[in-house]
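Visitor: Handing you a structure now.
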Amino acid sequence: MSDRTVSIVMPTRNGAATLPAVLEAIGRQRVDFPVEIVAVDSGSTDGSAELLRSRADVFVEVPRLQFDHGLTRNAGVERAHGDLVVLLVQDAVPATDGWLAALTRPLAADESVAGTYARQMPRPDASAIARHYLSQWTGASDEPRVAACDDRAAFDALGPAERMRRCTFDNVCSCIRRSVWDAHPFRATPIAEDLEWAREVLLAGYRLAYVPDAVVMHSHDRSARYELARTYLLHHRLYELFHLRTIPTVASLARAMASSSALHLRCERSAHALALAVAWPLGQYLGGLAGARGWNPVRPRNV
């Protein structure tokens with residue numbers, strides 16, 4: 001790896017609260033290859049842009065209203081010089097000085113690997129609810145995994161949930177091979193550009209690796225209104241990509257709300273916990289319904 005540059009591309013907007021810690025953690029990495037930082041800022045007003053102009057090797061500005069999860073990342077990758085490109089969000093803080101070496105190692109060892117993604121651990125101040133849901137996710141497991149697909153027929157023969165599981169990939173913290181991205185750039189999309197890219201490269205014959213030794217601290221405690229909007233948008237895309245409906249009927253919605261309410265109140269007895277117990281199942285139901293009926297999704301602001 002010593003002769004290969006690795007680029008770290010970060011989409012940013014008003015990330016001043018977390019960017020200093022992210023940049024400091026990047027600076028502590030123990031690697032034997034050059035590293036560059038490419039920041040793609042979309043209208044920060046909190047001093048993030050000024051910080052990144054002085055700390056990043058490449059600084060790209062994208063108008064806030066033109067932000068797109070796929071195309072904005074493409075803008076950063078286009079300006080990157082690395083053979084390998086790490087995609088990192090502004091509030092995912094590398095947990096150790098071996099994070100970058102671990103994340104890039106499978107790509108250096110095997111040309112058939114198109115991308116890797118890191119393990120996510122909750123922030124120290126994460127709520128009990130956030131900790132519970134993160135612990136249930138593949139990207140929090142301590143077991144490595146490699147995904148591959150024999151061909152399109154084999155992929156299509158899988159059930160919707162298994163198709164989505166096979167394509168698990170997360171640009172909260174990932175690393176992609178630049179030569180693969182040249183042939184398979186991210187698509188314009190309001191959300192889930194990583195899942196769509198994973199499906200495309202798997203069907204092209206590449207493999208994807210989950211690397212639990214590469215750890216970032218990343219979790220969110222957001223409003224129920226935001227979570228409803230984001231979950232709706234995500235599950236609309238999950239239907240488009242995989243024909244997946246996690247909550248397909250009103251009866252299953254009622255059961256999901258009841259079980260979520262009981263779980264959330266065990267974690268945290270608050271109105272916010274109950275609001276999330278409604279927001280997440282409702283977003284899944286409405287997003288899947290809109291996708292199944294072919295309705296154009298309502299695009300919430302700031303999601």
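Labels used: A, B, ... for chains in the order of the structure tokens, numbers from 1 for residues in each chain, and numbers from 1 for ligands as shown.
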What's around range 49-66 of chain A at 8 Å? Count only C-alpha atoms, leave out sequence neighbours fewer than 4 positions away in its own chain, and write the answer as an mmCIF file with N, CA and C atoms, in the first residue's frame.
Guide:
```cif
data_model
loop_
_atom_site.group_PDB
_atom_site.id
_atom_site.type_symbol
_atom_site.label_atom_id
_atom_site.label_comp_id
_atom_site.auth_asym_id
_atom_site.auth_seq_id
_atom_site.Cartn_x
_atom_site.Cartn_y
_atom_site.Cartn_z
ATOM 1 N N GLU A 36 -5.020 11.836 1.764
ATOM 2 C CA GLU A 36 -5.523 13.184 1.507
ATOM 3 C C GLU A 36 -6.973 13.276 1.973
ATOM 4 N N ILE A 37 -7.385 14.475 2.337
ATOM 5 C CA ILE A 37 -8.756 14.731 2.780
ATOM 6 C C ILE A 37 -9.437 15.619 1.751
ATOM 7 N N VAL A 38 -10.594 15.154 1.273
ATOM 8 C CA VAL A 38 -11.410 15.903 0.322
ATOM 9 C C VAL A 38 -12.728 16.222 1.015
ATOM 10 N N ALA A 39 -12.997 17.492 1.246
ATOM 11 C CA ALA A 39 -14.237 17.916 1.891
ATOM 12 C C ALA A 39 -15.188 18.479 0.846
ATOM 13 N N VAL A 40 -16.451 18.061 0.916
ATOM 14 C CA VAL A 40 -17.483 18.560 0.003
ATOM 15 C C VAL A 40 -18.554 19.208 0.866
ATOM 16 N N ASP A 41 -18.536 20.511 0.946
ATOM 17 C CA ASP A 41 -19.419 21.232 1.858
ATOM 18 C C ASP A 41 -20.621 21.795 1.107
ATOM 19 N N SER A 42 -21.800 21.636 1.710
ATOM 20 C CA SER A 42 -23.022 22.136 1.075
ATOM 21 C C SER A 42 -23.685 23.192 1.948
ATOM 22 N N GLY A 43 -23.057 24.356 1.979
ATOM 23 C CA GLY A 43 -23.688 25.518 2.582
ATOM 24 C C GLY A 43 -23.566 25.649 4.081
ATOM 25 N N SER A 44 -22.444 25.257 4.665
ATOM 26 C CA SER A 44 -22.274 25.408 6.110
ATOM 27 C C SER A 44 -22.289 26.877 6.519
ATOM 28 N N THR A 45 -22.881 27.134 7.681
ATOM 29 C CA THR A 45 -22.925 28.502 8.210
ATOM 30 C C THR A 45 -22.350 28.576 9.620
ATOM 31 N N THR A 72 -23.437 14.243 -4.789
ATOM 32 C CA THR A 72 -22.504 15.023 -3.983
ATOM 33 C C THR A 72 -21.274 14.188 -3.628
ATOM 34 N N ALA A 75 -19.052 14.099 -6.571
ATOM 35 C CA ALA A 75 -18.263 15.323 -6.734
ATOM 36 C C ALA A 75 -16.969 15.247 -5.933
ATOM 37 N N GLY A 76 -17.025 14.619 -4.766
ATOM 38 C CA GLY A 76 -15.814 14.456 -3.975
ATOM 39 C C GLY A 76 -14.879 13.417 -4.555
ATOM 40 N N ARG A 79 -12.743 14.558 -7.450
ATOM 41 C CA ARG A 79 -11.604 15.417 -7.106
ATOM 42 C C ARG A 79 -10.518 14.679 -6.329
ATOM 43 N N ALA A 80 -10.795 13.447 -5.929
ATOM 44 C CA ALA A 80 -9.839 12.677 -5.140
ATOM 45 C C ALA A 80 -8.757 12.081 -6.031
#
```
Visitor: Write out as a PyMOL selection string all residues of range 107-285 of chain A that DSSP puts in alpha helix (DSSP H) for this structure's backbone.
Guide: chain A and resi 107-109+128-135+152-157+160-166+178-183+193-203+224-242+250-267+271-285
Visitor: Per residue of range 100-181 of chain A within 12 Å of range 17-29 of chain A, what are the shortest atom pair and its distance in Å to one decimal, counting only C-alpha atoms, with rows by chain and residue number, as a Markdown table?
Guide:
```
| residue | atom | partner | partner_atom | distance |
| --- | --- | --- | --- | --- |
| A:Leu100 | CA | A:Gln29 | CA | 6.5 |
| A:Ala101 | CA | A:Gln29 | CA | 7.8 |
| A:Ala102 | CA | A:Gln29 | CA | 10.5 |
| A:Leu103 | CA | A:Gln29 | CA | 11.5 |
| A:Arg123 | CA | A:Thr18 | CA | 11.4 |
| A:Cys173 | CA | A:Val22 | CA | 11.8 |
```
Visitor: Keeping only C-alpha atoms, take the residues you just selected and write them out as a PDB file, in the first residue's frame.
Guide:
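Resulting contents of out-v1.pdb:
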```pdb
ATOM      1  CA  LEU A 100      -7.793   3.297   8.323  1.00  0.00           C
ATOM      2  CA  ALA A 101      -5.312   0.447   7.944  1.00  0.00           C
ATOM      3  CA  ALA A 102      -8.007  -2.104   8.811  1.00  0.00           C
ATOM      4  CA  LEU A 103     -10.595  -0.565   6.482  1.00  0.00           C
ATOM      5  CA  ARG A 123     -21.375   7.586  20.974  1.00  0.00           C
ATOM      6  CA  CYS A 173     -17.778   4.873   6.852  1.00  0.00           C
TER       7      CYS A 173
END
```
Visitor: Counting only C-alpha atoms, which of A:Arg299, A:Arg152, A:Arg30, A:Arg163 gets nearest to Asp97 in chain A?
Guide: A:Arg30
Visitor: Which residues are near range 157-162 of chain A? Cut-off 12 Å, only C-alpha atoms, ignore same chain within fewer than 3 positions. Put them as an MDAnalysis selection string.
Guide: chainID A and resid 147 149:154 165:168 238:246
Visitor: Run DSSP on the backbone and grab whatever in range 95-148 of chain A lands in strand (DSSP E); send it over as a ChimeraX atom specification.
Guide: /A:113-121,145-147
Visitor: Please list as a list in words every residue within 12 Å of Asp182 in chain A, counting only C-alpha atoms and excluding residues in the same chain fewer than 6 positions away.
Guide: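 Answer for this query is Asn74, Val77, Glu78, Ala80, Asp83, Leu84, Val85, Ala114, Ile176 and Val201 of chain A.
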Visitor: Output C-alpha atoms for every residue in that selection, as a PDB file, in the first residue's frame.
Guide:
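After the write, result.pdb holds the following:
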```pdb
ATOM      1  CA  ASN A  74     -19.438  11.702  -6.767  1.00  0.00           C
ATOM      2  CA  VAL A  77     -14.583  11.225  -5.547  1.00  0.00           C
ATOM      3  CA  GLU A  78     -14.017  13.034  -8.859  1.00  0.00           C
ATOM      4  CA  ALA A  80      -9.839  12.677  -5.140  1.00  0.00           C
ATOM      5  CA  ASP A  83      -6.695   4.567  -5.759  1.00  0.00           C
ATOM      6  CA  LEU A  84      -8.859   3.870  -2.727  1.00  0.00           C
ATOM      7  CA  VAL A  85     -11.477   6.351  -1.529  1.00  0.00           C
ATOM      8  CA  ALA A 114     -14.940  -3.395  -4.587  1.00  0.00           C
ATOM      9  CA  ILE A 176     -14.367   1.963  -2.341  1.00  0.00           C
ATOM     10  CA  VAL A 201     -21.223  -3.825  -8.043  1.00  0.00           C
TER      11      VAL A 201
END
```
Visitor: Which polymer residues have any atom within 9 Å of an atom of Leu107 in chain A, counting only C-alpha atoms, with same-chain residues fewer than 5 positions away left out, as a PyMOL selection string?
Guide: chain A and resi 84+112-116+175-177+209
Visitor: Restricting the calculation to only C-alpha atoms: of A:Thr189, A:Ser223, A:Thr231, A:Gln120, which residue gets closest to Gly288 in chain A?
Guide: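 Nearest candidate to Gly288 in chain A out of A:Thr189, A:Ser223, A:Thr231, A:Gln120: A:Thr231.
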Visitor: Quick one: of A:Arg207, A:Arg230, A:Arg4, A:His132, who's nearest to Arg301 in chain A, counting only C-alpha atoms?
Guide: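 Checking each candidate against Arg301 in chain A, we get A:Arg230 as the closest.
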Visitor: Taking only C-alpha atoms into account, name the residue in A:Leu263, A:Ile247, A:Val211, A:Ala275 that is nearest to Tyr133 in chain A.
Guide: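 Residue with the minimum atom-to-atom distance to Tyr133 in chain A: A:Leu263.
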Visitor: For each of A:Ser260, A:Val9, A:Tyr226, A:Asp194, take the minimum atom-to-atom distance to Ile129 in chain A, counting only C-alpha atoms, then give the residue where this is smallest.
Guide: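 Of A:Ser260, A:Val9, A:Tyr226, A:Asp194, the one nearest Ile129 in chain A is A:Ser260, counting only C-alpha atoms.
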